[in-house]
$ cat protein_32.cif   # mmCIF, C-alpha atoms
data_protein
#
loop_
_atom_site.label_atom_id
_atom_site.label_comp_id
_atom_site.auth_asym_id
_atom_site.auth_seq_id
_atom_site.Cartn_x
_atom_site.Cartn_y
_atom_site.Cartn_z
CA MET K 2 16.16 11.55 -21.35
CA LYS K 3 15.77 10.54 -17.73
CA THR K 4 14.77 13.53 -15.67
CA ALA K 5 14.62 14.57 -12.03
CA LEU K 6 12.04 17.21 -11.11
CA VAL K 7 12.79 19.30 -8.03
CA THR K 8 9.91 21.50 -6.93
CA GLY K 9 10.90 24.74 -5.25
CA GLY K 10 14.33 24.17 -6.73
CA SER K 11 15.44 27.74 -7.20
CA ARG K 12 16.77 28.49 -3.72
CA GLY K 13 17.89 27.06 -0.39
CA ILE K 14 17.62 23.31 0.12
CA GLY K 15 15.96 22.91 -3.30
CA ARG K 16 18.90 24.55 -5.04
CA ALA K 17 21.37 22.42 -3.07
CA ILE K 18 19.48 19.29 -4.15
CA CYS K 19 19.56 20.34 -7.82
CA ILE K 20 23.31 20.90 -7.64
CA LYS K 21 23.98 17.64 -5.80
CA LEU K 22 21.91 15.62 -8.27
CA ALA K 23 23.79 17.34 -11.09
CA GLU K 24 27.05 16.25 -9.48
CA GLU K 25 26.14 12.72 -8.54
CA SER K 26 23.57 11.52 -11.10
CA ASP K 27 22.98 11.45 -14.83
CA TYR K 28 19.52 12.94 -14.52
CA HIS K 29 18.49 15.97 -16.52
CA ILE K 30 17.48 18.43 -13.78
CA LEU K 31 14.08 20.07 -14.12
CA ILE K 32 14.12 23.02 -11.75
CA ASN K 33 10.68 24.19 -10.72
CA TYR K 34 10.18 27.72 -9.41
CA HIS K 35 7.13 29.75 -8.52
CA SER K 36 8.07 33.42 -8.66
CA ASN K 37 11.83 33.92 -8.45
CA LYS K 38 12.93 33.31 -12.02
CA SER K 39 16.36 34.90 -11.59
CA ALA K 40 17.14 32.54 -8.69
CA ALA K 41 16.01 29.59 -10.83
CA ILE K 42 18.28 30.72 -13.66
CA GLU K 43 21.16 30.97 -11.20
CA THR K 44 20.45 27.40 -10.02
CA LEU K 45 20.41 26.22 -13.62
CA LYS K 46 23.77 27.91 -14.18
CA LEU K 47 25.17 26.05 -11.15
CA VAL K 48 23.72 22.75 -12.41
CA LYS K 49 25.51 23.24 -15.71
CA GLU K 50 28.74 24.21 -13.94
CA HIS K 51 28.52 20.89 -12.12
CA GLY K 52 28.57 19.07 -15.42
CA ASN K 53 24.94 18.26 -16.03
CA THR K 54 22.00 19.44 -18.12
CA GLY K 55 18.85 21.06 -16.87
CA GLU K 56 16.12 23.57 -17.47
CA ILE K 57 13.71 25.67 -15.48
CA ILE K 58 9.93 25.25 -15.35
CA GLN K 59 7.50 27.70 -13.78
CA PHE K 60 4.39 26.70 -11.87
CA ASP K 61 2.84 27.17 -8.48
CA VAL K 62 2.56 23.69 -6.93
CA ALA K 63 -0.56 24.84 -5.09
CA ASN K 64 -2.37 25.49 -8.37
CA SER K 65 -3.37 22.11 -9.79
CA GLU K 66 -4.33 23.51 -13.20
CA SER K 67 -1.02 25.32 -13.56
CA VAL K 68 0.86 22.17 -12.53
CA LYS K 69 -0.99 20.07 -15.13
CA THR K 70 -0.71 22.61 -17.92
CA ASN K 71 2.99 23.30 -17.50
CA LEU K 72 4.01 19.70 -16.94
CA ASP K 73 1.92 18.59 -19.94
CA ILE K 74 3.58 21.19 -22.15
CA TRP K 75 6.97 19.94 -21.00
CA LEU K 76 6.01 16.28 -21.51
CA ASP K 77 4.59 17.02 -24.98
CA THR K 78 7.79 18.72 -26.06
CA ASN K 79 9.99 16.02 -24.52
CA LYS K 80 8.23 12.88 -25.68
CA ASP K 81 11.26 10.64 -25.25
CA SER K 82 11.71 11.80 -21.67
CA VAL K 83 10.58 10.21 -18.47
CA ILE K 84 10.42 11.95 -15.13
CA GLU K 85 11.93 9.21 -13.03
CA VAL K 86 12.60 11.26 -9.90
CA ILE K 87 10.32 13.69 -8.09
CA VAL K 88 11.66 15.70 -5.17
CA ASN K 89 8.69 17.43 -3.56
CA ASN K 90 10.50 20.29 -1.92
CA ALA K 91 8.26 23.33 -2.46
CA GLY K 92 6.80 24.61 0.78
CA ILE K 93 6.00 27.79 2.65
CA THR K 94 5.62 28.81 6.26
CA LYS K 95 3.21 31.29 7.78
CA ASP K 96 3.95 31.01 11.47
CA GLY K 97 1.83 32.20 14.33
CA LEU K 98 0.04 30.99 17.41
CA PHE K 99 -2.88 28.79 16.48
CA MET K 100 -5.31 30.89 18.52
CA TRP K 101 -4.51 33.90 16.35
CA MET K 102 -4.05 32.08 13.06
CA PRO K 103 -6.11 33.46 10.16
CA LYS K 104 -7.81 30.85 7.99
CA ALA K 105 -5.90 32.26 5.04
CA ASP K 106 -2.56 31.34 6.68
CA TRP K 107 -3.78 27.83 7.40
CA ASP K 108 -5.02 27.38 3.83
CA ALA K 109 -1.93 28.85 2.19
CA VAL K 110 0.44 26.49 3.99
CA ILE K 111 -1.77 23.42 3.45
CA ASN K 112 -2.27 24.28 -0.23
CA THR K 113 1.43 24.63 -0.98
CA SER K 114 3.10 22.25 1.43
CA LEU K 115 0.52 19.44 1.31
CA SER K 116 -1.63 19.79 -1.81
CA GLY K 117 1.47 20.69 -3.80
CA PHE K 118 2.73 17.17 -3.15
CA PHE K 119 -0.58 15.77 -4.45
CA ASN K 120 -0.81 18.02 -7.50
CA VAL K 121 2.65 17.19 -8.80
CA THR K 122 3.00 13.55 -7.79
CA ASN K 123 -0.51 12.50 -8.76
CA HIS K 124 -0.17 14.03 -12.21
CA LEU K 125 3.07 12.18 -12.91
CA MET K 126 2.22 8.88 -11.21
CA GLN K 127 0.69 7.02 -14.16
CA LYS K 128 3.76 7.59 -16.29
CA MET K 129 6.06 6.60 -13.45
CA LEU K 130 4.08 3.38 -12.94
CA ARG K 131 4.38 2.64 -16.65
CA ASN K 132 8.11 3.28 -16.38
CA ARG K 133 8.28 0.61 -13.67
CA TYR K 134 10.97 2.52 -11.82
CA GLY K 135 11.04 5.73 -9.89
CA ARG K 136 12.13 7.68 -6.88
CA ILE K 137 9.96 10.05 -4.89
CA VAL K 138 11.50 12.05 -2.09
CA ASN K 139 9.24 14.26 0.00
CA MET K 140 10.86 17.05 1.94
CA VAL K 141 9.10 17.26 5.28
CA SER K 142 10.45 18.72 8.50
CA VAL K 143 11.11 18.05 12.14
CA SER K 144 7.86 20.00 12.56
CA GLY K 145 6.01 17.22 10.76
CA VAL K 146 7.28 14.47 13.03
CA LYS K 147 7.63 16.27 16.37
CA GLY K 148 5.31 19.24 15.98
CA THR K 149 6.51 22.79 16.53
CA ALA K 150 4.72 25.45 18.54
CA GLY K 151 3.82 28.39 16.34
CA GLN K 152 3.74 26.15 13.26
CA THR K 153 0.47 24.26 13.62
CA ASN K 154 -0.30 24.73 9.93
CA TYR K 155 3.17 23.73 8.74
CA SER K 156 3.34 20.80 11.21
CA ALA K 157 -0.07 19.58 10.00
CA ALA K 158 0.94 19.78 6.33
CA LYS K 159 4.26 18.03 6.85
CA GLY K 160 2.77 15.43 9.20
CA ALA K 161 0.20 14.60 6.53
CA ILE K 162 2.95 14.10 3.98
CA VAL K 163 4.72 11.78 6.41
CA ALA K 164 1.61 9.58 6.47
CA ALA K 165 1.09 9.88 2.70
CA THR K 166 4.71 8.83 2.15
CA LYS K 167 4.18 5.62 4.09
CA ALA K 168 0.89 4.83 2.31
CA LEU K 169 2.09 5.60 -1.21
CA ALA K 170 5.29 3.63 -0.65
CA GLN K 171 3.21 0.51 -0.06
CA GLU K 172 1.03 1.16 -3.12
CA VAL K 173 3.81 1.47 -5.65
CA ALA K 174 6.68 -0.61 -4.28
CA LYS K 175 5.87 -3.49 -6.62
CA ARG K 176 6.81 -1.28 -9.56
CA LYS K 177 10.27 -0.47 -8.17
CA ILE K 178 9.19 2.99 -7.12
CA THR K 179 10.43 4.07 -3.72
CA VAL K 180 8.81 6.83 -1.69
CA ASN K 181 10.67 8.34 1.21
CA ALA K 182 10.64 11.53 3.22
CA VAL K 183 13.47 13.63 4.57
CA ALA K 184 12.83 15.60 7.74
CA PRO K 185 15.37 18.39 8.25
CA GLY K 186 15.75 20.32 11.48
CA PHE K 187 17.36 23.76 11.53
CA ILE K 188 19.13 24.18 8.21
CA LYS K 189 20.80 27.41 7.06
CA SER K 190 18.51 28.84 4.38
CA ASP K 191 16.25 31.80 3.61
CA MET K 192 13.55 30.12 5.70
CA THR K 193 15.71 30.15 8.83
CA ALA K 194 17.59 33.41 8.14
CA ALA K 195 15.46 35.36 10.61
CA LEU K 196 16.03 32.88 13.45
CA ASP K 197 18.44 33.49 16.33
CA GLU K 198 21.01 30.85 15.41
CA LYS K 199 23.27 31.61 18.37
CA GLU K 200 20.49 30.84 20.85
CA LEU K 201 18.81 28.01 18.95
CA LYS K 202 21.98 26.03 18.37
CA LYS K 203 22.20 25.48 22.14
CA LEU K 204 19.16 23.19 21.71
CA ILE K 205 20.89 21.08 19.07
CA PRO K 206 23.18 18.27 20.33
CA ILE K 207 25.56 18.80 17.38
CA ASN K 208 25.55 22.50 18.35
CA ARG K 209 25.10 24.06 14.94
CA PHE K 210 22.59 24.55 12.16
CA GLY K 211 22.84 22.10 9.28
CA GLU K 212 23.98 22.97 5.80
CA ALA K 213 21.66 22.63 2.81
CA GLU K 214 24.31 20.49 1.15
CA GLU K 215 24.12 17.96 3.99
CA VAL K 216 20.40 17.53 3.29
CA ALA K 217 21.11 17.30 -0.42
CA ASN K 218 23.61 14.47 0.23
CA LEU K 219 20.85 12.43 1.84
CA VAL K 220 18.38 13.16 -0.96
CA SER K 221 20.97 12.20 -3.56
CA PHE K 222 21.50 8.87 -1.81
CA LEU K 223 17.76 8.14 -1.66
CA VAL K 224 17.47 8.96 -5.37
CA SER K 225 20.32 6.62 -6.26
CA LYS K 226 20.07 2.93 -7.06
CA LYS K 227 21.94 2.23 -3.81
CA ALA K 228 18.74 3.04 -1.91
CA ALA K 229 16.57 0.52 -3.78
CA TYR K 230 15.49 -1.33 -0.63
CA ILE K 231 14.59 1.76 1.40
CA THR K 232 10.98 2.85 1.06
CA GLY K 233 8.30 4.34 3.27
CA GLU K 234 10.95 5.79 5.55
CA ILE K 235 11.04 9.18 7.21
CA ILE K 236 14.69 10.07 7.72
CA ASN K 237 15.54 12.75 10.23
CA ILE K 238 18.48 15.04 9.54
CA ASN K 239 18.51 17.43 12.44
CA GLY K 240 21.76 17.27 14.42
CA GLY K 241 20.11 15.13 17.06
CA ILE K 242 17.40 17.57 18.09
CA TYR K 243 14.73 14.90 17.69
CA SER K 244 14.81 11.20 16.96
CA MET F 24 -16.04 0.42 -35.26
CA ASP F 25 -17.88 -2.90 -35.21
CA LYS F 26 -17.81 -5.20 -32.22
CA ASN F 27 -15.77 -7.94 -33.88
CA THR F 28 -13.00 -5.47 -34.74
CA ILE F 29 -12.99 -4.30 -31.14
CA ILE F 30 -12.74 -7.87 -29.86
CA THR F 31 -9.87 -8.66 -32.23
CA LYS F 32 -7.93 -5.53 -31.31
CA VAL F 33 -8.44 -6.06 -27.57
CA ASN F 34 -7.38 -9.69 -27.79
CA ASP F 35 -4.32 -8.73 -29.80
CA PHE F 36 -3.00 -6.31 -27.19
CA LEU F 37 -3.89 -8.63 -24.32
CA VAL F 38 -1.74 -11.31 -25.96
CA ASP F 39 1.07 -8.90 -26.86
CA GLU F 40 1.24 -6.80 -23.71
CA PHE F 41 -0.29 -8.94 -20.97
CA GLU F 42 1.10 -12.31 -22.02
CA ALA F 43 -2.40 -13.80 -22.21
CA GLU F 44 -2.98 -17.00 -24.18
CA LEU F 45 -5.42 -16.45 -27.05
CA ASP F 46 -7.43 -19.57 -26.19
CA GLU F 47 -8.02 -18.20 -22.66
CA LEU F 48 -9.70 -15.11 -24.04
CA THR F 49 -13.29 -16.22 -24.07
CA PRO F 50 -16.15 -13.74 -23.51
CA GLU F 51 -17.02 -15.31 -20.16
CA ALA F 52 -13.40 -15.33 -18.88
CA ASN F 53 -12.79 -13.25 -15.77
CA LEU F 54 -10.72 -10.21 -16.77
CA LYS F 55 -8.77 -9.87 -13.53
CA GLU F 56 -8.02 -13.56 -13.07
CA THR F 57 -7.25 -14.34 -16.71
CA LEU F 58 -4.75 -11.51 -16.99
CA GLU F 59 -3.59 -11.86 -13.38
CA LEU F 60 -4.15 -8.14 -12.95
CA ASP F 61 -3.40 -6.35 -9.73
CA SER F 62 -4.65 -2.84 -9.08
CA LEU F 63 -1.55 -1.19 -10.56
CA ASP F 64 -1.86 -3.22 -13.77
CA TYR F 65 -5.04 -1.36 -14.63
CA VAL F 66 -2.77 1.57 -15.48
CA ASP F 67 -1.32 -0.51 -18.31
CA LEU F 68 -4.79 -1.52 -19.43
CA VAL F 69 -5.96 2.12 -19.52
CA VAL F 70 -2.89 3.17 -21.50
CA ALA F 71 -3.26 0.27 -23.95
CA VAL F 72 -6.93 1.12 -24.58
CA GLU F 73 -6.09 4.79 -25.08
CA SER F 74 -3.33 3.90 -27.51
CA GLU F 75 -5.46 1.41 -29.51
CA PHE F 76 -8.82 3.16 -29.49
CA GLY F 77 -8.10 6.79 -28.60
CA VAL F 78 -10.47 6.77 -25.63
CA LYS F 79 -9.70 7.35 -21.98
CA LEU F 80 -10.96 5.03 -19.28
CA ALA F 81 -11.37 6.17 -15.69
CA ALA F 82 -11.44 4.06 -12.54
CA GLU F 83 -15.25 4.32 -12.33
CA ASP F 84 -15.59 2.83 -15.83
CA PHE F 85 -14.37 -0.49 -14.45
CA VAL F 86 -17.20 -0.76 -11.93
CA GLY F 87 -19.15 -3.86 -12.91
CA VAL F 88 -16.55 -4.99 -15.44
CA GLU F 89 -15.80 -8.57 -14.49
CA THR F 90 -15.64 -10.60 -17.69
CA LEU F 91 -13.96 -9.99 -21.01
CA GLU F 92 -17.42 -9.55 -22.53
CA ASN F 93 -18.03 -6.70 -20.05
CA PHE F 94 -14.70 -5.21 -21.10
CA TYR F 95 -15.46 -5.46 -24.83
CA ASN F 96 -18.84 -3.81 -24.18
CA LEU F 97 -17.22 -1.01 -22.20
CA ILE F 98 -14.88 -0.19 -25.07
CA ASP F 99 -17.71 -0.54 -27.60
CA LYS F 100 -19.73 1.98 -25.59
CA LYS F 101 -16.79 4.39 -25.35
CA VAL F 102 -15.77 4.12 -28.99
CA ASN F 103 -19.19 4.19 -30.59
#
$ encode --input "protein_32.cif" --output "structure tokens"
Amino acid sequence: MKTALVTGGSRGIGRAICIKLAEESDYHILINYHSNKSAAIETLKLVKEHGNTGEIIQFDVANSESVKTNLDIWLDTNKDSVIEVIVNNAGITKDGLFMWMPKADWDAVINTSLSGFFNVTNHLMQKMLRNRYGRIVNMVSVSGVKGTAGQTNYSAAKGAIVAATKALAQEVAKRKITVNAVAPGFIKSDMTAALDEKELKKLIPINRFGEAEEVANLVSFLVSKKAAYITGEIININGGIYS
Amino acid sequence: MDKNTIITKVNDFLVDEFEAELDELTPEANLKETLELDSLDYVDLVVAVESEFGVKLAAEDFVGVETLENFYNLIDKKVN
């Protein structure tokens, strides 16, 4: 059973990616969630409605032991399966001016948004190398390529993943594993619900926030065999706000 | 497990999985060059050893391992 793991897959962009992969691929969808089980179950229901199979898996990407334990349990009970796709989507924000930023807010964002990528991808990498095929898509952000005031922690985490994407892509390309990053701008989701869309959209050349499904379309393409020659790329999807 | 059994088992999987020629597999042969290993291929070597001998090799275990004799000795040390 070829499987696609989507971290932070229960809501927002993660949910949209799960649904799009269900629609456009044959992958069994492994939906990771941290705390919102009911949202994960709802995503699973939508995956099944879109004609595919899936299941939910709980772990906090920031907790390396939890990642290992839960993925190992899944791998042990699905011995004929291979996780061929990893979408590293889980991330959090704790915004604030750097001069006032508590160390705890810095650490929390780095641990989830940066170390989460390491914990999940590193643990699955040997098997993916043995499989001699794979797709890794890292969800970053316009903050990681441009930098955003008030998001020094988030910008640092995402910027680090941008660099890691380029490095890892070179390491594993020989084994037909591609590693790319997707950098969304303002996308309608829980993370942007508190923002003043009416004001902010004036800054966006396309003059609107993006839809989660539009991001999912790009991820689905990168996961597909059509994208075999694209690796180490950071693809902006931001309505023209930064290029 | 005695050393000769280890050598036979290692040579068998090197022939089967790494397309090595049996007559190339002399104790003094260079492991990396004989098997044409690149850094990623060590993953396959680690998995093959784990599968055959039930022991796990880490990256640091390969420090100083240059010849097949070094490799046989490494597995001998791990197994026994």
$ resolve_selection --input "protein_32.cif" --expression "the PyMOL selection byres ((chain F) within 8 of (chain K))" --output "PyMOL selection string"
chain F and resi 63+66-67
$ write_last_selection --input "protein_32.cif" --atoms "C-alpha atoms" --output "short mmCIF file (atom, residue, chain, number, x, y, z; two decimals), in the frame of the given file"
data_model
loop_
_atom_site.label_atom_id
_atom_site.label_comp_id
_atom_site.auth_asym_id
_atom_site.auth_seq_id
_atom_site.Cartn_x
_atom_site.Cartn_y
_atom_site.Cartn_z
CA LEU F 63 -1.55 -1.19 -10.56
CA VAL F 66 -2.77 1.57 -15.48
CA ASP F 67 -1.32 -0.51 -18.31
#
$ atom_distance --input "protein_32.cif" --atom1 "atom CA of Lys55 of chain F" --atom2 "atom CA of Leu91 of chain F"
9.1 Å
$ residues_around --input "protein_32.cif" --residues "segment 34-51 of chain F" --least-positions-apart "2" --cutoff "8 Å" --atoms "all atoms listed in the file" --output "JSON, numbers by chain"
{"F": [30, 31, 32, 53, 57, 58, 71, 90, 91, 92]}
$ residues_around --input "protein_32.cif" --residues "segment 228-243 of chain K" --least-positions-apart "5" --cutoff "6 Å" --atoms "all atoms listed in the file" --output "PDB file with C-alpha atoms, in the coordinates of the input"
ATOM      1  CA  THR K 166       4.710   8.830   2.150  1.00  0.00           C
ATOM      2  CA  LYS K 167       4.180   5.620   4.090  1.00  0.00           C
ATOM      3  CA  ALA K 170       5.290   3.630  -0.650  1.00  0.00           C
ATOM      4  CA  THR K 179      10.430   4.070  -3.720  1.00  0.00           C
ATOM      5  CA  VAL K 180       8.810   6.830  -1.690  1.00  0.00           C
ATOM      6  CA  ASN K 181      10.670   8.340   1.210  1.00  0.00           C
ATOM      7  CA  ALA K 182      10.640  11.530   3.220  1.00  0.00           C
ATOM      8  CA  VAL K 183      13.470  13.630   4.570  1.00  0.00           C
ATOM      9  CA  ALA K 184      12.830  15.600   7.740  1.00  0.00           C
ATOM     10  CA  PRO K 185      15.370  18.390   8.250  1.00  0.00           C
ATOM     11  CA  GLY K 186      15.750  20.320  11.480  1.00  0.00           C
ATOM     12  CA  ILE K 205      20.890  21.080  19.070  1.00  0.00           C
ATOM     13  CA  PRO K 206      23.180  18.270  20.330  1.00  0.00           C
ATOM     14  CA  ILE K 207      25.560  18.800  17.380  1.00  0.00           C
ATOM     15  CA  LEU K 223      17.760   8.140  -1.660  1.00  0.00           C
TER      16      LEU K 223
END
$ atom_distance --input "protein_32.cif" --atom1 "atom CA of Asn33 of chain K" --atom2 "atom CA of Thr54 of chain K"
14.3 Å
$ residues_around --input "protein_32.cif" --residues "Gly52 of chain K" --least-positions-apart "5" --cutoff "10 Å" --atoms "only C-alpha atoms" --output "MDAnalysis selection string"
chainID K and resid 20 23:25 27 47
$ atom_distance --input "protein_32.cif" --atom1 "atom CA of Ala174 of chain K" --atom2 "atom CA of Asn64 of chain K"
27.9 Å
$ residues_around --input "protein_32.cif" --residues "segment 71-79 of chain K" --least-positions-apart "3" --cutoff "12 Å" --atoms "only C-alpha atoms" --output "ChimeraX atom specification"
/K:2-4,6,8,29,31-35,56-62,64-68,82-84,120-125,128
$ write_last_selection --input "protein_32.cif" --atoms "C-alpha atoms" --output "tab-separated table (two decimals), keeping the file's coordinate frame"
chain	number	residue	atom	x	y	z
K	2	MET	CA	16.16	11.55	-21.35
K	3	LYS	CA	15.77	10.54	-17.73
K	4	THR	CA	14.77	13.53	-15.67
K	6	LEU	CA	12.04	17.21	-11.11
K	8	THR	CA	9.91	21.50	-6.93
K	29	HIS	CA	18.49	15.97	-16.52
K	31	LEU	CA	14.08	20.07	-14.12
K	32	ILE	CA	14.12	23.02	-11.75
K	33	ASN	CA	10.68	24.19	-10.72
K	34	TYR	CA	10.18	27.72	-9.41
K	35	HIS	CA	7.13	29.75	-8.52
K	56	GLU	CA	16.12	23.57	-17.47
K	57	ILE	CA	13.71	25.67	-15.48
K	58	ILE	CA	9.93	25.25	-15.35
K	59	GLN	CA	7.50	27.70	-13.78
K	60	PHE	CA	4.39	26.70	-11.87
K	61	ASP	CA	2.84	27.17	-8.48
K	62	VAL	CA	2.56	23.69	-6.93
K	64	ASN	CA	-2.37	25.49	-8.37
K	65	SER	CA	-3.37	22.11	-9.79
K	66	GLU	CA	-4.33	23.51	-13.20
K	67	SER	CA	-1.02	25.32	-13.56
K	68	VAL	CA	0.86	22.17	-12.53
K	82	SER	CA	11.71	11.80	-21.67
K	83	VAL	CA	10.58	10.21	-18.47
K	84	ILE	CA	10.42	11.95	-15.13
K	120	ASN	CA	-0.81	18.02	-7.50
K	121	VAL	CA	2.65	17.19	-8.80
K	122	THR	CA	3.00	13.55	-7.79
K	123	ASN	CA	-0.51	12.50	-8.76
K	124	HIS	CA	-0.17	14.03	-12.21
K	125	LEU	CA	3.07	12.18	-12.91
K	128	LYS	CA	3.76	7.59	-16.29
$ closest_residue --input "protein_32.cif" --among "K:Asn112, K:Ser144, K:Asn132, K:Thr153" --to "Leu98 of chain K" --atoms "all atoms listed in the file"
K:Thr153
$ resolve_selection --input "protein_32.cif" --expression "the PyMOL selection byres ((chain K and resi 136) around 7)" --output "NGL selection string"
:K and (85-87 or 135 or 137-138 or 178-180 or 224)
